[in-house]
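Participant: Contents are PDB, C-alpha atoms and all ligand atoms; file name work33.pdb:
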MODEL        1
ATOM      1  CA  MET A   1      -6.731 -15.064 -16.494
ATOM      2  CA  SER A   2      -4.052 -12.374 -16.948
ATOM      3  CA  THR A   3      -0.483 -12.875 -15.834
ATOM      4  CA  ILE A   4       1.734 -10.351 -14.071
ATOM      5  CA  GLN A   5       3.618  -9.962 -17.371
ATOM      6  CA  GLU A   6       0.369  -8.778 -18.973
ATOM      7  CA  ILE A   7      -0.835  -6.517 -16.143
ATOM      8  CA  ILE A   8       2.263  -4.611 -15.081
ATOM      9  CA  ALA A   9       3.683  -2.125 -17.574
ATOM     10  CA  CYS A  10       6.888  -0.135 -17.719
ATOM     11  CA  PRO A  11       6.086   3.363 -16.389
ATOM     12  CA  LEU A  12       8.356   4.912 -19.037
ATOM     13  CA  CYS A  13       7.249   3.263 -22.286
ATOM     14  CA  ARG A  14       3.903   1.946 -20.961
ATOM     15  CA  LYS A  15       4.517  -1.494 -22.514
ATOM     16  CA  THR A  16       4.335  -4.855 -20.760
ATOM     17  CA  ILE A  17       6.971  -7.532 -21.069
ATOM     18  CA  ALA A  18       4.383  -9.715 -22.803
ATOM     19  CA  GLU A  19       3.969  -6.991 -25.464
ATOM     20  CA  VAL A  20       7.590  -6.086 -26.216
ATOM     21  CA  PRO A  21      10.032  -8.487 -24.605
ATOM     22  CA  GLN A  22      13.077  -7.186 -26.472
ATOM     23  CA  GLN A  23      12.381  -3.592 -27.540
ATOM     24  CA  CYS A  24      12.985  -0.418 -25.640
ATOM     25  CA  ASN A  25      16.526  -1.137 -24.538
ATOM     26  CA  THR A  26      16.903   1.706 -22.080
ATOM     27  CA  CYS A  27      13.873   1.246 -19.867
ATOM     28  CA  HIS A  28      12.922  -2.334 -20.503
ATOM     29  CA  ASN A  29      16.039  -3.988 -19.115
ATOM     30  CA  SER A  30      15.707  -2.255 -15.777
ATOM     31  CA  PHE A  31      11.942  -2.840 -15.814
ATOM     32  CA  GLN A  32      12.464  -6.558 -16.385
ATOM     33  CA  GLN A  33      15.070  -6.784 -13.603
ATOM     34  CA  GLU A  34      12.738  -5.013 -11.182
ATOM     35  CA  LEU A  35       9.778  -7.207 -12.113
ATOM     36  CA  ALA A  36      11.816 -10.343 -11.419
ATOM     37  CA  LYS A  37      11.955  -9.338  -7.735
ATOM     38  CA  ILE A  38       8.238 -10.070  -7.182
ATOM     39  CA  PRO A  39       6.999 -11.172  -4.560
ATOM     40  CA  SER A  40       9.418  -8.733  -2.893
ATOM     41  CA  VAL A  41       8.475  -5.070  -3.184
ATOM     42  CA  VAL A  42       9.377  -3.666  -6.591
ATOM     43  CA  ASP A  43      10.137  -0.035  -7.376
ATOM     44  CA  LEU A  44       8.394   0.866 -10.611
ATOM     45  CA  THR A  45       8.440   4.617 -10.267
ATOM     46  CA  ASP A  46       9.506   6.247 -13.509
ATOM     47  CA  LYS A  47      12.285   8.060 -11.669
ATOM     48  CA  ALA A  48      13.754   4.867 -10.186
ATOM     49  CA  LEU A  49      13.929   3.222 -13.604
ATOM     50  CA  GLN A  50      15.384   6.370 -15.190
ATOM     51  CA  ARG A  51      18.018   6.519 -12.466
ATOM     52  CA  GLN A  52      19.360   3.161 -13.583
ATOM     53  CA  THR A  53      20.405   4.707 -16.895
ATOM     54  CA  GLU A  54      20.908   8.403 -16.027
ATOM     55  CA  ASN A  55      22.698   9.679 -12.935
ATOM     56  CA  SER A  56      21.067  13.038 -12.511
ATOM     57  CA  VAL A  57      17.418  12.137 -11.976
ATOM     58  CA  THR A  58      15.824  13.996  -9.088
ATOM     59  CA  GLU A  59      12.492  13.293  -7.453
ATOM     60  CA  THR A  60      10.586  16.335  -6.312
ATOM     61  CA  LYS A  61       7.016  15.970  -5.216
ATOM     62  CA  PRO A  62       4.886  18.374  -3.207
ATOM     63  CA  LEU A  63       4.797  18.154   0.579
ATOM     64  CA  ARG A  64       1.380  16.455   0.455
ATOM     65  CA  THR A  65       3.077  13.496  -1.246
ATOM     66  CA  GLU A  66       6.520  13.621   0.431
ATOM     67  CA  LEU A  67       4.991  13.738   3.923
ATOM     68  CA  PHE A  68       4.038  10.065   3.682
ATOM     69  CA  ARG A  69       7.619   9.005   2.963
ATOM     70  CA  SER A  70       8.596   9.917   6.499
ATOM     71  CA  PRO A  71       9.085   6.738   8.596
ATOM     72  CA  ILE A  72       7.367   8.443  11.543
ATOM     73  CA  VAL A  73       4.222   9.199   9.543
ATOM     74  CA  SER A  74       4.124   5.645   8.167
ATOM     75  CA  PHE A  75       4.657   4.142  11.620
ATOM     76  CA  LEU A  76       1.954   6.274  13.232
ATOM     77  CA  TYR A  77      -0.541   6.229  10.345
ATOM     78  CA  GLU A  78      -2.432   3.095  11.255
ATOM     79  CA  ARG A  79      -1.648   3.185  14.961
ATOM     80  CA  ILE A  80      -3.326   6.561  15.468
ATOM     81  CA  LEU A  81      -5.862   7.275  12.732
ATOM     82  CA  PRO A  82      -8.408   4.388  12.697
ATOM     83  CA  PRO A  83     -10.078   5.320  16.031
ATOM     84  CA  LEU A  84     -10.327   8.933  14.854
ATOM     85  CA  TRP A  85     -11.768   7.784  11.546
ATOM     86  CA  ALA A  86     -14.293   5.621  13.380
ATOM     87  CA  VAL A  87     -15.711   8.630  15.237
ATOM     88  CA  GLY A  88     -16.258  10.444  11.971
ATOM     89  CA  LEU A  89     -12.970  12.132  11.039
ATOM     90  CA  ARG A  90     -12.925  10.235   7.739
ATOM     91  CA  ASN A  91     -16.482   9.029   7.150
ATOM     92  CA  THR A  92     -19.288   7.694   9.287
ATOM     93  CA  GLY A  93     -18.179   4.273  10.514
ATOM     94  CA  GLY A  94     -14.491   4.602   9.626
ATOM     95  CA  ILE A  95     -12.528   2.079   7.619
ATOM     96  CA  ASP A  96     -14.966  -0.786   8.315
ATOM     97  CA  ALA A  97     -17.740   1.237   6.676
ATOM     98  CA  GLU A  98     -15.417   2.027   3.757
ATOM     99  CA  PHE A  99     -14.602  -1.683   3.389
ATOM    100  CA  ARG A 100     -18.338  -2.492   3.194
ATOM    101  CA  LEU A 101     -18.788   0.271   0.617
ATOM    102  CA  CYS A 102     -15.885  -1.177  -1.362
ATOM    103  CA  THR A 103     -17.066  -4.791  -1.362
ATOM    104  CA  GLU A 104     -20.665  -3.815  -2.198
ATOM    105  CA  PHE A 105     -19.415  -1.779  -5.166
ATOM    106  CA  LEU A 106     -16.939  -4.431  -6.367
ATOM    107  CA  GLY A 107     -19.517  -7.240  -6.249
ATOM    108  CA  GLN A 108     -18.987 -10.938  -5.670
ATOM    109  CA  ASN A 109     -16.399 -11.495  -8.421
ATOM    110  CA  PRO A 110     -14.161  -8.453  -8.349
ATOM    111  CA  GLY A 111     -11.345 -10.029 -10.422
ATOM    112  CA  ILE A 112      -7.986  -8.221 -10.474
ATOM    113  CA  VAL A 113      -8.085  -5.361  -7.968
ATOM    114  CA  ALA A 114      -5.526  -2.600  -7.483
ATOM    115  CA  ASP A 115      -5.365  -0.557  -4.284
ATOM    116  CA  VAL A 116      -3.753   2.604  -5.638
ATOM    117  CA  SER A 117      -2.117   4.856  -3.037
ATOM    118  CA  CYS A 118      -2.623   1.935  -0.688
ATOM    119  CA  GLY A 119      -0.591   3.435   2.172
ATOM    120  CA  THR A 120      -0.176   0.691   4.755
ATOM    121  CA  GLY A 121      -2.613  -1.446   2.768
ATOM    122  CA  ILE A 122      -5.469  -0.970   5.163
ATOM    123  CA  MET A 123      -7.928  -1.923   2.400
ATOM    124  CA  ALA A 124      -5.706  -4.339   0.442
ATOM    125  CA  ARG A 125      -5.250  -6.504   3.554
ATOM    126  CA  ARG A 126      -8.992  -6.560   4.189
ATOM    127  CA  LEU A 127      -9.573  -7.544   0.556
ATOM    128  CA  VAL A 128      -7.161 -10.473   0.934
ATOM    129  CA  LYS A 129      -9.090 -11.747   3.967
ATOM    130  CA  TRP A 130     -12.386 -11.262   2.101
ATOM    131  CA  GLY A 131     -11.034 -13.917  -0.268
ATOM    132  CA  ARG A 132     -12.920 -13.023  -3.445
ATOM    133  CA  CYS A 133     -10.317 -11.183  -5.553
ATOM    134  CA  GLU A 134      -8.437 -13.046  -8.271
ATOM    135  CA  GLN A 135      -5.341 -10.914  -7.661
ATOM    136  CA  ILE A 136      -4.581  -7.927  -5.458
ATOM    137  CA  LEU A 137      -1.990  -5.293  -6.267
ATOM    138  CA  ALA A 138      -1.049  -2.599  -3.765
ATOM    139  CA  LEU A 139       0.705   0.482  -5.122
ATOM    140  CA  ASP A 140       2.015   3.538  -3.325
ATOM    141  CA  TYR A 141       4.662   6.205  -3.829
ATOM    142  CA  SER A 142       5.950   5.952  -0.267
ATOM    143  CA  GLU A 143       8.482   3.199   0.332
ATOM    144  CA  THR A 144       8.010   3.543   4.107
ATOM    145  CA  MET A 145       4.244   3.021   3.839
ATOM    146  CA  LEU A 146       4.959  -0.124   1.805
ATOM    147  CA  THR A 147       7.427  -1.382   4.424
ATOM    148  CA  GLU A 148       4.707  -0.895   7.032
ATOM    149  CA  LEU A 149       2.317  -2.837   4.776
ATOM    150  CA  GLN A 150       4.768  -5.744   4.640
ATOM    151  CA  GLN A 151       5.120  -5.747   8.430
ATOM    152  CA  GLN A 152       1.357  -5.697   8.939
ATOM    153  CA  MET A 153       0.970  -8.569   6.450
ATOM    154  CA  GLN A 154       3.454 -10.608   8.436
ATOM    155  CA  LEU A 155       1.637  -9.865  11.705
ATOM    156  CA  GLU A 156      -1.702 -10.830  10.158
ATOM    157  CA  GLY A 157      -0.392 -14.021   8.539
ATOM    158  CA  ILE A 158      -0.816 -12.806   4.949
ATOM    159  CA  SER A 159       1.808 -14.363   2.702
ATOM    160  CA  PRO A 160       3.891 -12.147   0.337
ATOM    161  CA  SER A 161       2.354 -13.880  -2.684
ATOM    162  CA  GLU A 162      -1.138 -12.683  -1.724
ATOM    163  CA  ILE A 163      -0.453  -9.013  -2.486
ATOM    164  CA  ILE A 164       1.831  -7.732  -5.249
ATOM    165  CA  ILE A 165       3.428  -4.656  -3.725
ATOM    166  CA  ILE A 166       4.684  -1.965  -6.080
ATOM    167  CA  ARG A 167       6.249   1.388  -5.385
ATOM    168  CA  ALA A 168       4.581   3.522  -8.042
ATOM    169  CA  ASP A 169       3.617   7.062  -8.890
ATOM    170  CA  VAL A 170      -0.042   7.421  -9.847
ATOM    171  CA  GLU A 171       1.121  10.002 -12.378
ATOM    172  CA  ALA A 172       3.200   7.336 -14.183
ATOM    173  CA  LEU A 173       1.129   4.295 -13.269
ATOM    174  CA  PRO A 174       2.844   1.015 -14.201
ATOM    175  CA  LEU A 175      -0.356  -0.777 -15.172
ATOM    176  CA  ALA A 176      -1.152  -1.927 -18.696
ATOM    177  CA  PRO A 177      -4.126  -0.329 -20.454
ATOM    178  CA  ASN A 178      -7.424  -2.231 -19.995
ATOM    179  CA  SER A 179      -5.871  -4.726 -17.592
ATOM    180  CA  ILE A 180      -7.498  -4.124 -14.189
ATOM    181  CA  ASP A 181     -11.061  -5.002 -13.120
ATOM    182  CA  ALA A 182     -11.340  -2.632 -10.175
ATOM    183  CA  ILE A 183      -9.331   0.134  -8.554
ATOM    184  CA  TYR A 184      -9.723   1.497  -5.044
ATOM    185  CA  ALA A 185      -8.013   4.799  -4.204
ATOM    186  CA  GLY A 186      -8.906   5.559  -0.594
ATOM    187  CA  ALA A 187      -8.326   8.985   0.959
ATOM    188  CA  ALA A 188      -5.747   9.641  -1.719
ATOM    189  CA  MET A 189      -6.580  12.207  -4.396
ATOM    190  CA  HIS A 190      -5.928  15.156  -2.079
ATOM    191  CA  CYS A 191      -2.331  13.869  -1.657
ATOM    192  CA  TRP A 192      -1.478  13.696  -5.369
ATOM    193  CA  ASN A 193       0.391  16.352  -7.293
ATOM    194  CA  ASN A 194      -2.009  16.179 -10.229
ATOM    195  CA  ALA A 195      -5.325  14.468  -9.525
ATOM    196  CA  THR A 196      -6.554  14.720 -13.110
ATOM    197  CA  GLU A 197      -3.442  12.934 -14.376
ATOM    198  CA  GLY A 198      -3.797  10.271 -11.673
ATOM    199  CA  ILE A 199      -7.440   9.569 -12.487
ATOM    200  CA  ARG A 200      -6.665   9.571 -16.229
ATOM    201  CA  ASN A 201      -4.042   6.861 -15.654
ATOM    202  CA  ILE A 202      -6.499   4.884 -13.546
ATOM    203  CA  TYR A 203      -9.126   5.188 -16.281
ATOM    204  CA  GLN A 204      -6.654   3.849 -18.850
ATOM    205  CA  ALA A 205      -5.649   0.907 -16.640
ATOM    206  CA  LEU A 206      -9.251  -0.197 -16.086
ATOM    207  CA  ARG A 207     -10.742  -2.658 -18.531
ATOM    208  CA  PRO A 208     -14.050  -1.631 -20.167
ATOM    209  CA  GLY A 209     -16.672  -2.195 -17.460
ATOM    210  CA  GLY A 210     -13.986  -1.857 -14.778
ATOM    211  CA  LYS A 211     -14.817   0.023 -11.580
ATOM    212  CA  LEU A 212     -13.190   2.857  -9.668
ATOM    213  CA  LEU A 213     -14.000   3.651  -6.045
ATOM    214  CA  ALA A 214     -12.137   6.722  -4.817
ATOM    215  CA  THR A 215     -12.575   8.663  -1.593
ATOM    216  CA  THR A 216     -11.120  12.008  -0.567
ATOM    217  CA  PHE A 217     -11.692  14.939   1.754
ATOM    218  CA  LEU A 218     -13.595  17.947   0.491
ATOM    219  CA  LYS A 219     -13.559  21.717   0.597
ATOM    220  CA  PRO A 220     -14.056  23.781   2.722
ATOM    221  CA  TYR A 221     -11.005  22.059   4.242
ATOM    222  CA  PRO A 222      -8.355  24.593   3.224
ATOM    223  CA  SER A 223      -5.790  23.532   0.611
ATOM    224  CA  ILE A 224      -2.679  24.502   2.577
ATOM    225  CA  VAL A 225      -0.749  21.232   2.395
ATOM    226  CA  PHE A 226      -3.309  18.947   0.755
ATOM    227  CA  GLN A 227      -5.348  19.791  -2.335
ATOM    228  CA  PHE A 228      -9.036  19.534  -1.513
ATOM    229  CA  PHE A 229     -11.824  19.562  -4.085
ATOM    230  CA  SER A 230     -15.521  20.349  -4.192
ATOM    231  CA  PRO A 231     -17.888  17.585  -5.419
ATOM    232  CA  GLU A 232     -18.277  19.535  -8.692
ATOM    233  CA  GLU A 233     -14.490  19.644  -9.150
ATOM    234  CA  LEU A 234     -14.241  15.892  -8.488
ATOM    235  CA  ARG A 235     -16.906  15.265 -11.098
ATOM    236  CA  HIS A 236     -15.043  17.445 -13.575
ATOM    237  CA  ILE A 237     -11.817  15.500 -12.909
ATOM    238  CA  VAL A 238     -13.336  12.068 -13.560
ATOM    239  CA  LEU A 239     -15.152  13.276 -16.682
ATOM    240  CA  THR A 240     -11.931  14.864 -18.000
ATOM    241  CA  ALA A 241     -10.149  11.578 -17.335
ATOM    242  CA  GLY A 242     -12.547   9.789 -19.690
ATOM    243  CA  PHE A 243     -15.440   8.393 -17.628
ATOM    244  CA  HIS A 244     -18.906   8.950 -19.107
ATOM    245  CA  SER A 245     -21.288  11.117 -17.063
ATOM    246  CA  ASP A 246     -23.918   8.328 -16.935
ATOM    247  CA  ASP A 247     -21.371   6.078 -15.214
ATOM    248  CA  VAL A 248     -20.161   8.527 -12.589
ATOM    249  CA  GLN A 249     -21.501   9.134  -9.083
ATOM    250  CA  VAL A 250     -19.982  11.705  -6.759
ATOM    251  CA  GLN A 251     -21.450  11.805  -3.262
ATOM    252  CA  ALA A 252     -20.608  14.165  -0.438
ATOM    253  CA  SER A 253     -20.962  12.769   3.045
ATOM    254  CA  GLY A 254     -20.131  15.740   5.222
ATOM    255  CA  PHE A 255     -16.586  16.731   4.231
ATOM    256  CA  TYR A 256     -15.883  13.319   2.708
ATOM    257  CA  GLY A 257     -16.248  12.691  -0.999
ATOM    258  CA  ILE A 258     -17.066   9.279  -2.456
ATOM    259  CA  ILE A 259     -16.589   8.698  -6.177
ATOM    260  CA  LYS A 260     -17.907   5.626  -7.958
ATOM    261  CA  CYS A 261     -17.226   5.249 -11.674
ATOM    262  CA  ILE A 262     -17.602   2.479 -14.205
ATOM    263  CA  LYS A 263     -15.531   2.583 -17.391
TER     264      LYS A 263
HETATM  265  C1  LIG B   1      -3.881   9.501   3.267
HETATM  266  S1  LIG B   1      -2.945   8.157   2.654
HETATM  267  C2  LIG B   1      -4.216   6.985   2.251
HETATM  268  C3  LIG B   1      -3.750   5.566   2.442
HETATM  269  C4  LIG B   1      -4.822   4.493   2.292
HETATM  270  N1  LIG B   1      -5.326   4.421   0.931
HETATM  271  C5  LIG B   1      -5.974   4.693   3.244
HETATM  272  O1  LIG B   1      -7.113   4.651   2.806
HETATM  273  O2  LIG B   1      -5.715   4.840   4.433
HETATM  274  C6  LIG B   1      -2.478   8.755   1.046
HETATM  275  C7  LIG B   1      -1.447   7.893   0.340
HETATM  276  O3  LIG B   1      -1.238   8.411  -0.975
HETATM  277  C8  LIG B   1       0.108   8.150  -1.316
HETATM  278  N2  LIG B   1       0.504   9.017  -2.440
HETATM  279  C9  LIG B   1       0.700  10.349  -2.431
HETATM  280  N3  LIG B   1       1.076  10.768  -3.663
HETATM  281  C10 LIG B   1       1.123   9.675  -4.460
HETATM  282  C11 LIG B   1       1.486   9.465  -5.823
HETATM  283  N4  LIG B   1       1.845  10.459  -6.613
HETATM  284  N5  LIG B   1       1.416   8.213  -6.307
HETATM  285  C12 LIG B   1       1.031   7.174  -5.509
HETATM  286  N6  LIG B   1       0.704   7.315  -4.205
HETATM  287  C13 LIG B   1       0.756   8.551  -3.677
HETATM  288  C14 LIG B   1       0.857   8.442  -0.032
HETATM  289  O4  LIG B   1       2.144   7.873  -0.011
HETATM  290  C15 LIG B   1      -0.087   7.868   1.019
HETATM  291  O5  LIG B   1       0.255   6.552   1.349
ENDMDL
END
Would you mind writing the structure in this file as structure tokens?

Facilitator:
Amino acid sequence: MSTIQEIIACPLCRKTIAEVPQQCNTCHNSFQQELAKIPSVVDLTDKALQRQTENSVTETKPLRTELFRSPIVSFLYERILPPLWAVGLRNTGGIDAEFRLCTEFLGQNPGIVADVSCGTGIMARRLVKWGRCEQILALDYSETMLTELQQQMQLEGISPSEIIIIRADVEALPLAPNSIDAIYAGAAMHCWNNATEGIRNIYQALRPGGKLLATTFLKPYPSIVFQFFSPEELRHIVLTAGFHSDDVQVQASGFYGIIKCIK
């Protein structure tokens, strides 16, 4: 059984505390201080850790990422979208269907599961109630989405220790290589700045045999704010990231793409 010290890595030097407790003076001290705050939300974005040593660090992400940091979007996200998803805006059957897809793919002993770009933790909270995961981590770039996740956990009686909540950038993912059994990234890739980099980081974090389930919207939705892909482009991304073609499935269900990969 892995400990937090073995799973969570510094987003700057990519080392865990278990690996290099003393080295890497600049990033590791701030990383260690942040990690000590668990089970409160920790900020492990590369920029946040850099800011502790340099003053002039700026965060600029595209609108498709920044949009979700707005408190209004985070507040409305789960209060408005699920009924629309259920009538087919996301997939047939909405989030309940996606939860079934997720649990069927993860199997009965999913181990350590990370919900990457978790938003309000709509899947992470369901996984807690499912009761089969050894550990659940929920990571998102938006601090306001994570605040909403905490509030929903409180309302649903989920204790802070049941989900490790991390503010993180998928492009500098603070997860140790080969440490995670399964990663879910729901309706997320179209919001990232660089989907290939995000999936590459996910690939590296998965242990051999580890599973990725990712969903996203597809072309011909126009890429005005979000970056939509065709099924062929999604396949190219996961293969470039390192997955082997025999272990990759990309399905299109209307304008919704479902990616299943095994490392
Ligand atoms: C459409 S929401 C999906 C939320 C949730 N997974 C779901 O299924 O409802 C996309 C999420 O991706 C997050 N996101 C965007 N860019 C990101 C990045 N670079 N790193 C991590 N999360 C990011 C946003 O903050 C937002 O919460």

Participant: Exactly which residues make up the result of the PyMOL selection byres (((not hetatm)) within 7 of (chain B and resi 1)) on this file, given as a list in words?

Facilitator: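 What the PyMOL selection byres (((not hetatm)) within 7 of (chain B and resi 1)) grabs from the file is Arg64, Thr65, Phe68, Arg69, Val116, Ser117, Cys118, Gly119, Thr120, Gly121, Ile122, Met123, Leu139, Asp140, Tyr141, Ser142, Met145, Ala168, Asp169, Val170, Glu171, Ala185, Gly186, Ala187, Ala188, Cys191, Trp192 and Asn193 of chain A.
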
Participant: First collect every listed atom of region 93-98 of chain A; then fit an axis-aligned box around them, widen it by 3 Å on each side, and give centre and edge lengths in Å to one decimal, as lines of an AutoDock Vina configuration file.

Facilitator:
center_x = -15.4
center_y = 1.9
center_z = 7.1
size_x = 11.7
size_y = 11.4
size_z = 12.8

Participant: Taking into account all atoms listed in the file, which residue in the set A:Pro62, A:Phe226, A:Gly257, A:Lys263 is nearest to His244 (chain A)?

Facilitator: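 Among the listed residues, the smallest separation from His244 (chain A) belongs to A:Lys263.
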
Participant: Closest to Asn201 (chain A) among A:Phe243, A:Tyr77, A:Phe228, A:Phe99, using only C-alpha atoms?

Facilitator: A:Phe243

Participant: What residues have an atom no more than 12 Å from (-19.7, -8.6, -7.0) in the file's own frame, counting all atoms listed in the file, and can you write them as a list in words?

Facilitator: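 The answer, in the requested form, is Arg100, Leu101, Cys102, Thr103, Glu104, Phe105, Leu106, Gly107, Gln108, Asn109, Pro110, Gly111, Trp130, Arg132, Cys133, Asp181, Ala182, Gly210 and Lys211 of chain A.
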
Participant: Given the file shown, enumerate the residues that the PyMOL selection byres (((chain A and resi 49) around 10) and not hetatm) captures and present them as a list in words.

Facilitator: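 Applying the PyMOL selection byres (((chain A and resi 49) around 10) and not hetatm) to the structure shown produces Cys10, Pro11, Leu12, Thr26, Cys27, His28, Asn29, Ser30, Phe31, Glu34, Asp43, Leu44, Thr45, Asp46, Lys47, Ala48, Gln50, Arg51, Gln52, Thr53, Glu54 and Val57 of chain A.
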
Participant: Which of these residues is nearest to Ser253 (chain A), using all atoms listed in the file: A:Thr92, A:Gln152, A:Thr240, A:Asn194?

Facilitator: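 Among the listed residues, A:Thr92 lies closest to Ser253 (chain A).
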
Participant: What's the separation between CA of Ala176 (chain A) and CA of Thr16 (chain A), in Å to one decimal place?

Facilitator: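 Distance between the two atoms: 6.6 Å.
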
Participant: Rounded to one decimal place, report the CA of Glu162 (chain A)-CA of Ser2 (chain A) distance in Å.

Facilitator: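 Result for CA of Glu162 (chain A) versus CA of Ser2 (chain A): 15.5 Å, one decimal.
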
Participant: With only C-alpha atoms as the counted atoms, please give the residues lying no more than 7 Å from Gln204 (chain A), apart from itself and same-chain residues fewer than 2 positions off, as number ranges by chain.

Facilitator: A: 177-178, 200-202, 206

Participant: Using only C-alpha atoms, which of the listed residues (A:Leu63, A:Ile38, A:Ile112, A:Leu175) sits closest to Arg14 (chain A)?

Facilitator: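 For Arg14 (chain A), the nearest of the candidates is A:Leu175.
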
Participant: Which of these residues is nearest to Phe229 (chain A), using all atoms listed in the file: A:Ile80, A:Leu146, A:Ile164, A:Met189?

Facilitator: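 Using all atoms listed in the file, Phe229 (chain A) sits closest to A:Met189.
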
Participant: Looking at only C-alpha atoms, which of A:Val128, A:Ala205, A:Ile259, A:Ile165 is the one that sits closest to Lys15 (chain A)?

Facilitator: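 Among A:Val128, A:Ala205, A:Ile259, A:Ile165, it is A:Ala205 that comes nearest to Lys15 (chain A).
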
Participant: Can you tell me, as a list in words, which residues sit within 10 Å of (-20.7, 10.1, -2.8) in the file's frame, using all atoms listed in the file?

Facilitator: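 Here the neighbourhood of the point contains Leu213, Ala214, Thr215, Pro231, Val248, Gln249, Val250, Gln251, Ala252, Ser253, Gly254, Tyr256, Gly257, Ile258, Ile259 and Lys260 of chain A.
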
Participant: Store the residues picked out above, limited to C-alpha atoms, as a tab-separated table (two decimals), keeping the file's coordinate frame.

Facilitator:
chain	number	residue	atom	x	y	z
A	213	LEU	CA	-14.00	3.65	-6.04
A	214	ALA	CA	-12.14	6.72	-4.82
A	215	THR	CA	-12.58	8.66	-1.59
A	231	PRO	CA	-17.89	17.58	-5.42
A	248	VAL	CA	-20.16	8.53	-12.59
A	249	GLN	CA	-21.50	9.13	-9.08
A	250	VAL	CA	-19.98	11.70	-6.76
A	251	GLN	CA	-21.45	11.80	-3.26
A	252	ALA	CA	-20.61	14.16	-0.44
A	253	SER	CA	-20.96	12.77	3.04
A	254	GLY	CA	-20.13	15.74	5.22
A	256	TYR	CA	-15.88	13.32	2.71
A	257	GLY	CA	-16.25	12.69	-1.00
A	258	ILE	CA	-17.07	9.28	-2.46
A	259	ILE	CA	-16.59	8.70	-6.18
A	260	LYS	CA	-17.91	5.63	-7.96

Participant: Give me the residues near region 154-159 of chain A as a PyMOL selection string, where near means some atom within 9 Å (using only C-alpha atoms) and where sequence neighbours in that chain fewer than 5 positions away do not count.

Facilitator: chain A and resi 125+128-129+149

Participant: I need the residues from that last selection saved to file as a PDB file, in the frame of the given file (with C-alpha atoms), if you can.

Facilitator:
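The result, stored in part-v2.pdb:
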ATOM      1  CA  ARG A 125      -5.250  -6.504   3.554  1.00  0.00           C
ATOM      2  CA  VAL A 128      -7.161 -10.473   0.934  1.00  0.00           C
ATOM      3  CA  LYS A 129      -9.090 -11.747   3.967  1.00  0.00           C
ATOM      4  CA  LEU A 149       2.317  -2.837   4.776  1.00  0.00           C
TER       5      LEU A 149
END

Participant: Quick one: distance from CA of Val87 (chain A) to CA of Lys219 (chain A) in Å, one decimal?

Facilitator: 19.8 Å

Participant: Decode the PyMOL selection byres (((chain A and resi 5) around 7) and not hetatm) for the given file into explicit residues and return them as a PyMOL selection string.

Facilitator: chain A and resi 3-4+6-8+16-18
